[in-house]
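Below: model.cif (mmCIF, C-alpha atoms)
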```
data_model
loop_
_atom_site.group_PDB
_atom_site.id
_atom_site.type_symbol
_atom_site.label_atom_id
_atom_site.label_comp_id
_atom_site.auth_asym_id
_atom_site.auth_seq_id
_atom_site.Cartn_x
_atom_site.Cartn_y
_atom_site.Cartn_z
ATOM 1 C CA MET A 1 92.138 145.232 7.434
ATOM 2 C CA LEU A 2 89.592 147.770 8.596
ATOM 3 C CA PHE A 3 87.296 147.350 5.604
ATOM 4 C CA ASP A 4 86.605 144.052 3.932
ATOM 5 C CA GLY A 5 85.948 143.850 0.207
ATOM 6 C CA GLU A 6 82.181 144.002 0.438
ATOM 7 C CA GLU A 7 82.291 146.960 2.799
ATOM 8 C CA ILE A 8 84.579 148.987 0.563
ATOM 9 C CA VAL A 9 82.509 148.220 -2.533
ATOM 10 C CA SER A 10 79.405 149.336 -0.665
ATOM 11 C CA GLU A 11 81.035 152.610 0.361
ATOM 12 C CA LEU A 12 82.364 153.291 -3.130
ATOM 13 C CA CYS A 13 78.996 152.655 -4.709
ATOM 14 C CA ARG A 14 77.349 154.912 -2.145
ATOM 15 C CA LEU A 15 79.795 157.628 -3.221
ATOM 16 C CA GLY A 16 78.905 157.139 -6.874
ATOM 17 C CA ILE A 17 82.347 155.912 -7.846
ATOM 18 C CA THR A 18 82.436 154.381 -11.338
ATOM 19 C CA HIS A 19 86.057 153.278 -11.703
ATOM 20 C CA VAL A 20 88.786 152.077 -9.352
ATOM 21 C CA VAL A 21 92.294 152.641 -10.750
ATOM 22 C CA TRP A 22 94.857 150.731 -8.763
ATOM 23 C CA ILE A 23 98.052 149.013 -7.946
ATOM 24 C CA PRO A 24 97.252 147.211 -4.722
ATOM 25 C CA ASP A 25 99.455 146.376 -1.808
ATOM 26 C CA SER A 26 98.970 143.279 0.329
ATOM 27 C CA SER A 27 96.229 145.006 2.352
ATOM 28 C CA LEU A 28 94.295 146.769 -0.399
ATOM 29 C CA GLY A 29 94.736 143.656 -2.536
ATOM 30 C CA GLN A 30 92.338 141.774 -0.299
ATOM 31 C CA TRP A 31 89.570 143.762 -1.978
ATOM 32 C CA GLU A 32 90.308 142.450 -5.454
ATOM 33 C CA THR A 33 87.609 139.802 -5.700
ATOM 34 C CA ALA A 34 84.901 142.125 -4.407
ATOM 35 C CA LEU A 35 85.961 144.911 -6.752
ATOM 36 C CA GLU A 36 86.059 142.573 -9.733
ATOM 37 C CA GLU A 37 82.673 141.098 -8.964
ATOM 38 C CA SER A 38 80.930 144.438 -8.467
ATOM 39 C CA ALA A 39 78.513 145.185 -11.281
ATOM 40 C CA ASP A 40 78.738 148.911 -10.556
ATOM 41 C CA LEU A 41 82.493 149.402 -10.466
ATOM 42 C CA GLU A 42 85.086 148.932 -13.172
ATOM 43 C CA LEU A 43 88.537 147.931 -11.944
ATOM 44 C CA VAL A 44 91.380 149.360 -14.034
ATOM 45 C CA ARG A 45 94.809 147.916 -13.389
ATOM 46 C CA VAL A 46 97.869 150.077 -14.144
ATOM 47 C CA CYS A 47 101.500 149.003 -14.263
ATOM 48 C CA ARG A 48 102.909 151.933 -12.314
ATOM 49 C CA GLU A 49 101.262 154.510 -10.064
ATOM 50 C CA GLY A 50 102.437 157.349 -12.311
ATOM 51 C CA GLU A 51 99.884 156.165 -14.863
ATOM 52 C CA ALA A 52 97.049 156.202 -12.375
ATOM 53 C CA TRP A 53 96.740 159.970 -11.948
ATOM 54 C CA PRO A 54 96.487 160.879 -15.664
ATOM 55 C CA LEU A 55 94.256 157.876 -16.302
ATOM 56 C CA ALA A 56 91.896 159.102 -13.606
ATOM 57 C CA ALA A 57 92.111 162.567 -15.143
ATOM 58 C CA GLY A 58 90.984 161.144 -18.466
ATOM 59 C CA LEU A 59 88.093 159.324 -16.828
ATOM 60 C CA MET A 60 87.071 162.499 -15.040
ATOM 61 C CA LEU A 61 87.248 164.595 -18.202
ATOM 62 C CA GLY A 62 85.059 161.983 -19.842
ATOM 63 C CA GLY A 63 82.390 162.371 -17.171
ATOM 64 C CA GLN A 64 83.188 159.411 -14.905
ATOM 65 C CA THR A 65 83.967 159.360 -11.157
ATOM 66 C CA PRO A 66 87.216 157.521 -10.512
ATOM 67 C CA ILE A 67 89.095 156.787 -7.324
ATOM 68 C CA LEU A 68 92.732 155.767 -7.114
ATOM 69 C CA MET A 69 94.096 153.117 -4.780
ATOM 70 C CA MET A 70 97.782 152.626 -4.047
ATOM 71 C CA GLN A 71 100.245 152.229 -1.217
ATOM 72 C CA THR A 72 102.254 155.132 0.210
ATOM 73 C CA THR A 73 105.267 153.946 -1.787
ATOM 74 C CA GLY A 74 103.248 154.350 -4.961
ATOM 75 C CA LEU A 75 102.172 157.800 -3.865
ATOM 76 C CA PHE A 76 105.818 158.740 -3.443
ATOM 77 C CA GLU A 77 106.717 157.328 -6.854
ATOM 78 C CA SER A 78 103.908 159.123 -8.645
ATOM 79 C CA GLY A 79 104.428 162.595 -7.207
ATOM 80 C CA ASP A 80 105.029 164.386 -10.477
ATOM 81 C CA ALA A 81 101.955 162.838 -12.069
ATOM 82 C CA LEU A 82 99.961 163.894 -8.986
ATOM 83 C CA ARG A 83 101.372 167.415 -9.304
ATOM 84 C CA ASN A 84 100.353 167.674 -12.928
ATOM 85 C CA VAL A 85 96.811 166.382 -12.472
ATOM 86 C CA LEU A 86 95.909 168.157 -9.237
ATOM 87 C CA TYR A 87 97.758 171.443 -9.669
ATOM 88 C CA ASP A 88 98.267 172.027 -13.403
ATOM 89 C CA LEU A 89 95.101 170.435 -14.743
ATOM 90 C CA LYS A 90 93.268 171.217 -11.484
ATOM 91 C CA LEU A 91 91.291 167.976 -11.622
ATOM 92 C CA PRO A 92 90.186 166.955 -8.101
ATOM 93 C CA VAL A 93 91.060 163.263 -8.155
ATOM 94 C CA ILE A 94 90.378 161.382 -4.911
ATOM 95 C CA SER A 95 92.309 158.428 -3.620
ATOM 96 C CA ILE A 96 92.741 155.767 -0.965
ATOM 97 C CA VAL A 97 96.366 155.292 0.065
ATOM 98 C CA GLY A 98 97.417 152.319 2.147
ATOM 99 C CA ALA A 99 99.765 153.531 4.876
ATOM 100 C CA ARG A 100 102.355 150.812 5.201
ATOM 101 C CA ASN A 101 103.335 149.961 8.791
ATOM 102 C CA TRP A 102 101.229 152.797 10.191
ATOM 103 C CA LEU A 103 99.782 150.579 12.925
ATOM 104 C CA ASN A 104 103.242 149.391 13.916
ATOM 105 C CA THR A 105 104.253 152.344 16.037
ATOM 106 C CA ALA A 106 107.712 150.930 16.614
ATOM 107 C CA SER A 107 108.393 150.664 12.899
ATOM 108 C CA ARG A 108 111.248 152.668 11.432
ATOM 109 C CA ASP A 109 110.133 151.847 7.902
ATOM 110 C CA SER A 110 111.088 154.870 5.818
ATOM 111 C CA ALA A 111 107.770 154.579 4.005
ATOM 112 C CA ARG A 112 106.046 155.191 7.330
ATOM 113 C CA VAL A 113 108.416 157.971 8.338
ATOM 114 C CA TYR A 114 107.921 159.940 5.141
ATOM 115 C CA THR A 115 104.148 159.509 4.734
ATOM 116 C CA GLU A 116 102.974 162.654 6.463
ATOM 117 C CA PRO A 117 105.840 164.905 5.367
ATOM 118 C CA ILE A 118 105.241 163.998 1.736
ATOM 119 C CA LEU A 119 101.485 164.464 2.007
ATOM 120 C CA ALA A 120 102.164 167.866 3.533
ATOM 121 C CA ALA A 121 104.742 168.702 0.872
ATOM 122 C CA TRP A 122 102.226 167.998 -1.854
ATOM 123 C CA GLY A 123 99.536 169.918 0.012
ATOM 124 C CA LEU A 124 97.298 166.874 -0.169
ATOM 125 C CA GLU A 125 94.395 166.975 2.261
ATOM 126 C CA TYR A 126 93.904 163.604 3.893
ATOM 127 C CA GLN A 127 91.751 161.787 6.401
ATOM 128 C CA LEU A 128 93.392 159.092 8.476
ATOM 129 C CA ILE A 129 91.345 155.956 9.065
ATOM 130 C CA ALA A 130 93.098 153.968 11.771
ATOM 131 C CA SER A 131 90.367 152.399 13.867
ATOM 132 C CA GLU A 132 86.823 151.093 13.766
ATOM 133 C CA GLN A 133 85.622 154.440 15.120
ATOM 134 C CA ASP A 134 87.211 156.242 12.173
ATOM 135 C CA LYS A 135 85.479 154.180 9.492
ATOM 136 C CA PRO A 136 82.426 156.431 8.909
ATOM 137 C CA GLN A 137 84.805 159.199 7.957
ATOM 138 C CA LEU A 138 85.747 157.439 4.765
ATOM 139 C CA TYR A 139 82.348 158.187 3.305
ATOM 140 C CA SER A 140 81.945 161.638 4.859
ATOM 141 C CA PHE A 141 85.388 162.869 3.816
ATOM 142 C CA LEU A 142 85.294 161.557 0.259
ATOM 143 C CA SER A 143 81.708 162.683 -0.152
ATOM 144 C CA SER A 144 82.673 166.226 0.774
ATOM 145 C CA CYS A 145 85.643 166.097 -1.630
ATOM 146 C CA LEU A 146 83.375 165.033 -4.466
ATOM 147 C CA THR A 147 80.666 167.531 -3.652
ATOM 148 C CA GLU A 148 83.076 170.418 -3.264
ATOM 149 C CA ARG A 149 85.283 169.259 -6.160
ATOM 150 C CA ARG A 150 88.513 169.183 -4.220
ATOM 151 C CA PRO A 151 91.185 166.493 -4.182
ATOM 152 C CA GLY A 152 91.583 164.369 -1.075
ATOM 153 C CA THR A 153 93.091 161.150 0.182
ATOM 154 C CA ILE A 154 91.961 158.549 2.643
ATOM 155 C CA LEU A 155 95.082 157.424 4.480
ATOM 156 C CA LEU A 156 94.186 153.894 5.456
ATOM 157 C CA ALA A 157 96.312 152.587 8.278
ATOM 158 C CA GLU A 158 97.921 149.208 7.702
ATOM 159 C CA MET B 1 105.609 163.653 -19.976
ATOM 160 C CA GLY B 2 104.465 160.069 -19.800
ATOM 161 C CA GLY B 3 100.837 160.912 -19.157
ATOM 162 C CA VAL B 4 99.450 161.073 -22.688
ATOM 163 C CA ILE B 5 98.532 157.446 -23.156
ATOM 164 C CA PRO B 6 97.071 156.916 -19.656
ATOM 165 C CA MET B 7 94.955 160.046 -20.011
ATOM 166 C CA ALA B 8 93.798 158.996 -23.459
ATOM 167 C CA LEU B 9 92.941 155.560 -22.082
ATOM 168 C CA GLY B 10 90.900 157.162 -19.320
ATOM 169 C CA LEU B 11 88.993 159.199 -21.898
ATOM 170 C CA ALA B 12 88.451 156.159 -24.076
ATOM 171 C CA LEU B 13 87.128 154.130 -21.140
ATOM 172 C CA ALA B 14 84.905 157.009 -20.070
ATOM 173 C CA GLN B 15 83.393 157.458 -23.527
ATOM 174 C CA PRO B 16 83.477 154.114 -25.329
ATOM 175 C CA ASP B 17 81.459 155.445 -28.274
ATOM 176 C CA ARG B 18 84.141 157.965 -29.183
ATOM 177 C CA GLN B 19 87.352 157.222 -30.987
ATOM 178 C CA VAL B 20 90.314 158.509 -28.999
ATOM 179 C CA ILE B 21 93.721 159.053 -30.558
ATOM 180 C CA ALA B 22 96.848 159.475 -28.415
ATOM 181 C CA LEU B 23 99.660 161.316 -30.176
ATOM 182 C CA VAL B 24 102.790 160.576 -28.182
ATOM 183 C CA GLY B 25 106.509 161.190 -28.560
ATOM 184 C CA ASP B 26 109.028 158.424 -28.028
ATOM 185 C CA GLY B 27 110.557 160.171 -25.016
ATOM 186 C CA SER B 28 107.175 160.346 -23.338
ATOM 187 C CA LEU B 29 106.338 156.737 -24.151
ATOM 188 C CA LEU B 30 109.635 155.504 -22.720
ATOM 189 C CA MET B 31 108.852 157.248 -19.417
ATOM 190 C CA ASN B 32 105.786 155.040 -19.014
ATOM 191 C CA LEU B 33 106.353 152.033 -21.246
ATOM 192 C CA GLY B 34 104.183 149.820 -19.092
ATOM 193 C CA THR B 35 101.185 151.883 -20.071
ATOM 194 C CA LEU B 36 100.990 149.942 -23.339
ATOM 195 C CA VAL B 37 100.267 146.867 -21.210
ATOM 196 C CA THR B 38 97.668 148.836 -19.242
ATOM 197 C CA VAL B 39 95.891 149.677 -22.509
ATOM 198 C CA ILE B 40 95.637 146.049 -23.553
ATOM 199 C CA ALA B 41 94.651 144.875 -20.079
ATOM 200 C CA ALA B 42 91.797 147.392 -20.096
ATOM 201 C CA LYS B 43 90.382 145.795 -23.276
ATOM 202 C CA CYS B 44 89.790 149.190 -24.795
ATOM 203 C CA ARG B 45 88.732 149.069 -28.472
ATOM 204 C CA ASN B 46 88.316 152.761 -29.154
ATOM 205 C CA LEU B 47 91.895 153.887 -28.514
ATOM 206 C CA LYS B 48 94.582 154.412 -31.137
ATOM 207 C CA VAL B 49 98.176 155.243 -30.211
ATOM 208 C CA ILE B 50 100.285 157.092 -32.775
ATOM 209 C CA LEU B 51 103.952 157.241 -31.802
ATOM 210 C CA LEU B 52 106.067 160.063 -33.231
ATOM 211 C CA ASP B 53 109.597 158.730 -32.894
ATOM 212 C CA ASN B 54 112.555 160.993 -33.568
ATOM 213 C CA GLY B 55 114.867 159.519 -30.921
ATOM 214 C CA LEU B 56 115.198 162.874 -29.149
ATOM 215 C CA TYR B 57 113.957 164.862 -26.174
ATOM 216 C CA GLU B 58 113.118 167.905 -28.244
ATOM 217 C CA VAL B 59 111.665 170.015 -25.478
ATOM 218 C CA THR B 60 114.990 170.079 -23.612
ATOM 219 C CA GLY B 61 117.107 170.838 -26.668
ATOM 220 C CA GLY B 62 117.323 167.637 -28.632
ATOM 221 C CA GLN B 63 119.254 165.161 -26.460
ATOM 222 C CA HIS B 64 119.107 161.514 -27.498
ATOM 223 C CA THR B 65 116.846 159.072 -25.680
ATOM 224 C CA ALA B 66 118.352 155.853 -24.344
ATOM 225 C CA ALA B 67 116.350 153.903 -26.934
ATOM 226 C CA SER B 68 117.858 155.881 -29.814
ATOM 227 C CA GLN B 69 121.095 153.935 -29.260
ATOM 228 C CA LEU B 70 119.307 150.604 -29.688
ATOM 229 C CA ASN B 71 117.590 148.823 -32.534
ATOM 230 C CA LEU B 72 114.246 148.984 -30.764
ATOM 231 C CA ARG B 73 111.243 148.063 -32.884
ATOM 232 C CA TYR B 74 108.231 149.674 -31.292
ATOM 233 C CA ASP B 75 105.919 147.860 -33.730
ATOM 234 C CA ASP B 76 107.188 144.456 -32.570
ATOM 235 C CA LEU B 77 106.836 145.607 -28.960
ATOM 236 C CA ALA B 78 103.226 146.700 -29.481
ATOM 237 C CA ARG B 79 102.428 143.496 -31.334
ATOM 238 C CA SER B 80 103.875 141.316 -28.580
ATOM 239 C CA ILE B 81 101.883 143.184 -25.929
ATOM 240 C CA GLY B 82 98.691 142.490 -27.855
ATOM 241 C CA PHE B 83 97.725 145.506 -29.943
ATOM 242 C CA ARG B 84 95.122 144.432 -32.483
ATOM 243 C CA THR B 85 96.372 146.615 -35.333
ATOM 244 C CA VAL B 86 100.016 147.624 -35.647
ATOM 245 C CA GLU B 87 101.556 149.717 -38.402
ATOM 246 C CA ALA B 88 104.995 151.200 -38.982
ATOM 247 C CA CYS B 89 105.725 154.089 -41.366
ATOM 248 C CA SER B 90 109.064 155.713 -42.029
ATOM 249 C CA ASP B 91 107.995 158.112 -44.759
ATOM 250 C CA GLU B 92 105.060 160.370 -45.468
ATOM 251 C CA ASP B 93 103.861 158.515 -48.576
ATOM 252 C CA THR B 94 103.499 155.258 -46.637
ATOM 253 C CA TRP B 95 101.602 157.029 -43.848
ATOM 254 C CA GLN B 96 99.312 158.720 -46.360
ATOM 255 C CA ALA B 97 98.561 155.351 -47.945
ATOM 256 C CA GLN B 98 97.900 153.538 -44.639
ATOM 257 C CA ALA B 99 96.338 156.226 -42.465
ATOM 258 C CA GLY B 100 92.766 155.753 -43.643
ATOM 259 C CA ASP B 101 92.694 152.024 -42.950
ATOM 260 C CA PHE B 102 94.524 152.456 -39.668
ATOM 261 C CA LEU B 103 92.021 154.993 -38.380
ATOM 262 C CA ALA B 104 89.021 153.024 -39.626
ATOM 263 C CA GLN B 105 89.813 149.748 -37.867
ATOM 264 C CA ASP B 106 88.790 148.871 -34.320
ATOM 265 C CA GLY B 107 91.504 149.197 -31.730
ATOM 266 C CA PRO B 108 93.440 149.017 -29.692
ATOM 267 C CA SER B 109 95.766 150.152 -32.465
ATOM 268 C CA PHE B 110 99.367 151.297 -32.599
ATOM 269 C CA CYS B 111 101.184 153.149 -35.336
ATOM 270 C CA TRP B 112 104.924 153.837 -35.188
ATOM 271 C CA LEU B 113 105.907 156.862 -37.245
ATOM 272 C CA LYS B 114 109.624 157.534 -37.703
ATOM 273 C CA VAL B 115 109.846 161.308 -37.935
ATOM 274 C CA ALA B 116 112.528 163.924 -38.309
ATOM 275 C CA PRO B 117 113.208 166.430 -35.527
ATOM 276 C CA ALA B 118 110.928 169.439 -35.599
ATOM 277 C CA LEU B 119 112.265 172.715 -36.863
ATOM 278 C CA PRO B 120 112.690 175.370 -34.139
ATOM 279 C CA ASP B 121 110.009 177.529 -35.738
ATOM 280 C CA ASP B 122 107.574 174.598 -35.477
ATOM 281 C CA MET B 123 108.023 174.332 -31.701
ATOM 282 C CA GLN B 124 105.064 176.367 -30.533
ATOM 283 C CA THR B 125 103.797 176.721 -26.998
ATOM 284 C CA VAL B 126 100.033 176.599 -26.574
ATOM 285 C CA GLN B 127 98.965 180.028 -25.406
ATOM 286 C CA GLU B 128 95.501 179.171 -24.142
ATOM 287 C CA PRO B 129 95.552 178.676 -20.339
ATOM 288 C CA MET B 130 95.110 175.077 -19.286
ATOM 289 C CA PRO B 131 91.819 175.557 -17.367
ATOM 290 C CA GLN B 132 90.281 177.084 -20.506
ATOM 291 C CA GLN B 133 91.550 174.211 -22.638
ATOM 292 C CA LEU B 134 90.023 171.677 -20.265
ATOM 293 C CA GLU B 135 86.731 173.559 -20.116
ATOM 294 C CA ARG B 136 86.569 173.551 -23.895
ATOM 295 C CA ILE B 137 87.411 169.839 -24.029
ATOM 296 C CA GLN B 138 84.816 168.939 -21.417
ATOM 297 C CA LYS B 139 82.101 170.899 -23.229
ATOM 298 C CA HIS B 140 82.928 169.056 -26.416
ATOM 299 C CA LEU B 141 82.915 165.695 -24.658
ATOM 300 C CA GLN B 142 79.512 166.405 -23.165
ATOM 301 C CA SER B 143 78.013 167.275 -26.537
#
```
What does this structure look like when you write it as structure tokens?
Amino acid sequence: MLFDGEEIVSELCRLGITHVVWIPDSSLGQWETALEESADLELVRVCREGEAWPLAAGLMLGGQTPILMMQTTGLFESGDALRNVLYDLKLPVISIVGARNWLNTASRDSARVYTEPILAAWGLEYQLIASEQDKPQLYSFLSSCLTERRPGTILLAE
Amino acid sequence: MGGVIPMALGLALAQPDRQVIALVGDGSLLMNLGTLVTVIAAKCRNLKVILLDNGLYEVTGGQHTAASQLNLRYDDLARSIGFRTVEACSDEDTWQAQAGDFLAQDGPSFCWLKVAPALPDDMQTVQEPMPQQLERIQKHLQS
């Protein structure tokens, strides 16, 4: 995993994130203890990714700064909720999406195959983080999304 | 559909000093039934869910929901998930008698209202554009 729990908490706090709304996968899930123990972040667990987008919308309307975390499969599942929040309500929710099997270039996992086409279909701007050299872009990309009030996703290679 | 309760929960978490009421239809709730668990897991005391249950998808012309064929008790479901206050009303007089207490108590609270289908003339579309609605809501929330 490119970021350990303490690193990701540090980056999120630097961004001014108040709430993490998630269903983790086996990679993102390694951050659970750090997220729970952070005094500056509130971890909100949902049962299905389709809840995460409107929940984040509610937090945002209420003046908070949420970020979503889910795997690509959850992104696929929650497409209509994403559509409603980003394009009907026009609320610029940001997210970190774990890209299953991205680092396994030989993988024919359909989740891997459909990641970029579905991001493109939804018009979701994303920044791929796939190496140590990419890591500073997590902060710079999400910071620009927050400052410019536009939605964006960190695609975190797994 | 399905986003009412999660959005209301987000608002309630964002502004814990405000009471937030989610008015939700049974069709919408069934699309995201797990969200009732999310509410309880979030330990949110300022959220009340009021379920308007007519067993139909009215917006598409009144087709029956899958649950309408069952003897589903939403009050028992809410209670088993952990809602602090749970009420069930199948007529207006009962709701009138219980509403004050229901709204006054700390949440998370759930009220199951069995309602009749809406009359066609009652099915109104909100005319105000969504961005304007949200702007108005955000101004109110910041006050």
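Near Met1 (chain B), within 8 Å and counting all atoms listed in the file, sit Val4, Gly27, Ser28 and Met31 of chain B; same-chain residues fewer than 3 positions away were not included.
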I need the chosen residues saved as a CSV table (one decimal), in the coordinates of the input, with C-alpha atoms.
```csv
chain,number,residue,atom,x,y,z
B,4,VAL,CA,99.4,161.1,-22.7
B,27,GLY,CA,110.6,160.2,-25.0
B,28,SER,CA,107.2,160.3,-23.3
B,31,MET,CA,108.9,157.2,-19.4
```
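Between CA of Val49 (chain B) and CA of Phe110 (chain B) the interatomic distance comes to 4.8 Å.
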Of B:Asn54, B:Gln127, B:Gln19, B:Thr35, the one sitting nearest chain A when using all atoms listed in the file is B:Thr35
Answer key for the PyMOL selection byres ((chain B) within 7 of (chain A)), residues as a PyMOL selection string: chain B and resi 3+6-11+13-15+34-35+38+42+130-131+138+141
Preceding selection exported with C-alpha atoms as a PDB file, in the coordinates of the input:
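The resulting file, out-v5.pdb, is reproduced below:
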```
ATOM      1  CA  GLY B   3     100.837 160.912 -19.157  1.00  0.00           C
ATOM      2  CA  PRO B   6      97.071 156.916 -19.656  1.00  0.00           C
ATOM      3  CA  MET B   7      94.955 160.046 -20.011  1.00  0.00           C
ATOM      4  CA  ALA B   8      93.798 158.996 -23.459  1.00  0.00           C
ATOM      5  CA  LEU B   9      92.941 155.560 -22.082  1.00  0.00           C
ATOM      6  CA  GLY B  10      90.900 157.162 -19.320  1.00  0.00           C
ATOM      7  CA  LEU B  11      88.993 159.199 -21.898  1.00  0.00           C
ATOM      8  CA  LEU B  13      87.128 154.130 -21.140  1.00  0.00           C
ATOM      9  CA  ALA B  14      84.905 157.009 -20.070  1.00  0.00           C
ATOM     10  CA  GLN B  15      83.393 157.458 -23.527  1.00  0.00           C
ATOM     11  CA  GLY B  34     104.183 149.820 -19.092  1.00  0.00           C
ATOM     12  CA  THR B  35     101.185 151.883 -20.071  1.00  0.00           C
ATOM     13  CA  THR B  38      97.668 148.836 -19.242  1.00  0.00           C
ATOM     14  CA  ALA B  42      91.797 147.392 -20.096  1.00  0.00           C
ATOM     15  CA  MET B 130      95.110 175.077 -19.286  1.00  0.00           C
ATOM     16  CA  PRO B 131      91.819 175.557 -17.367  1.00  0.00           C
ATOM     17  CA  GLN B 138      84.816 168.939 -21.417  1.00  0.00           C
ATOM     18  CA  LEU B 141      82.915 165.695 -24.658  1.00  0.00           C
TER      19      LEU B 141
END
```
So which residues get picked by the PyMOL selection byres ((chain B and resi 79) around 12) here, written as an mmCIF file with C-alpha atoms, in the frame of the given file?
```cif
data_model
loop_
_atom_site.group_PDB
_atom_site.id
_atom_site.type_symbol
_atom_site.label_atom_id
_atom_site.label_comp_id
_atom_site.auth_asym_id
_atom_site.auth_seq_id
_atom_site.Cartn_x
_atom_site.Cartn_y
_atom_site.Cartn_z
ATOM 1 C CA LEU B 36 100.990 149.942 -23.339
ATOM 2 C CA VAL B 37 100.267 146.867 -21.210
ATOM 3 C CA ILE B 40 95.637 146.049 -23.553
ATOM 4 C CA ARG B 73 111.243 148.063 -32.884
ATOM 5 C CA TYR B 74 108.231 149.674 -31.292
ATOM 6 C CA ASP B 75 105.919 147.860 -33.730
ATOM 7 C CA ASP B 76 107.188 144.456 -32.570
ATOM 8 C CA LEU B 77 106.836 145.607 -28.960
ATOM 9 C CA ALA B 78 103.226 146.700 -29.481
ATOM 10 C CA SER B 80 103.875 141.316 -28.580
ATOM 11 C CA ILE B 81 101.883 143.184 -25.929
ATOM 12 C CA GLY B 82 98.691 142.490 -27.855
ATOM 13 C CA PHE B 83 97.725 145.506 -29.943
ATOM 14 C CA ARG B 84 95.122 144.432 -32.483
ATOM 15 C CA THR B 85 96.372 146.615 -35.333
ATOM 16 C CA VAL B 86 100.016 147.624 -35.647
ATOM 17 C CA GLU B 87 101.556 149.717 -38.402
ATOM 18 C CA ALA B 88 104.995 151.200 -38.982
ATOM 19 C CA PRO B 108 93.440 149.017 -29.692
ATOM 20 C CA SER B 109 95.766 150.152 -32.465
ATOM 21 C CA PHE B 110 99.367 151.297 -32.599
ATOM 22 C CA CYS B 111 101.184 153.149 -35.336
ATOM 23 C CA TRP B 112 104.924 153.837 -35.188
#
```
What is the distance between CA of Leu156 (chain A) and CA of Asn101 (chain A), in Å to one decimal? 10.5 Å
For the structure shown, which residues end up in the PyMOL selection byres ((chain B and resi 51-53) around 6)? Put them as a PyMOL selection string, please? chain B and resi 24-26+50+54-55+112-115
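With CA of Gln105 (chain B) on one side and CA of Leu30 (chain B) on the other, the separation reads 25.6 Å.
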Please work out which residues fall within 10 Å of (81.9, 156.3, -7.1), coordinates as given in the file, with only C-alpha atoms counting, and return them as a PyMOL selection string. chain A and resi 9-20+40-41+64-67+142-143+146
Which polymer residues, protein or nucleic acid, are no farther than 9 Å from (92.9, 153.5, 1.7), counting only C-alpha atoms, as a PyMOL selection string? chain A and resi 28+69-71+95-99+128-129+138+153-158
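If you measure from each of A:Leu35, A:Leu103, A:Ala111, A:Cys145 to Ser131 (chain A) using all atoms listed in the file, the closest one turns out to be A:Leu103.
The smallest atom-to-atom distance between Lys48 (chain B) and any of B:Gly107, B:Asp122, B:Arg136, B:Thr65, using all atoms listed in the file, is found for B:Gly107.
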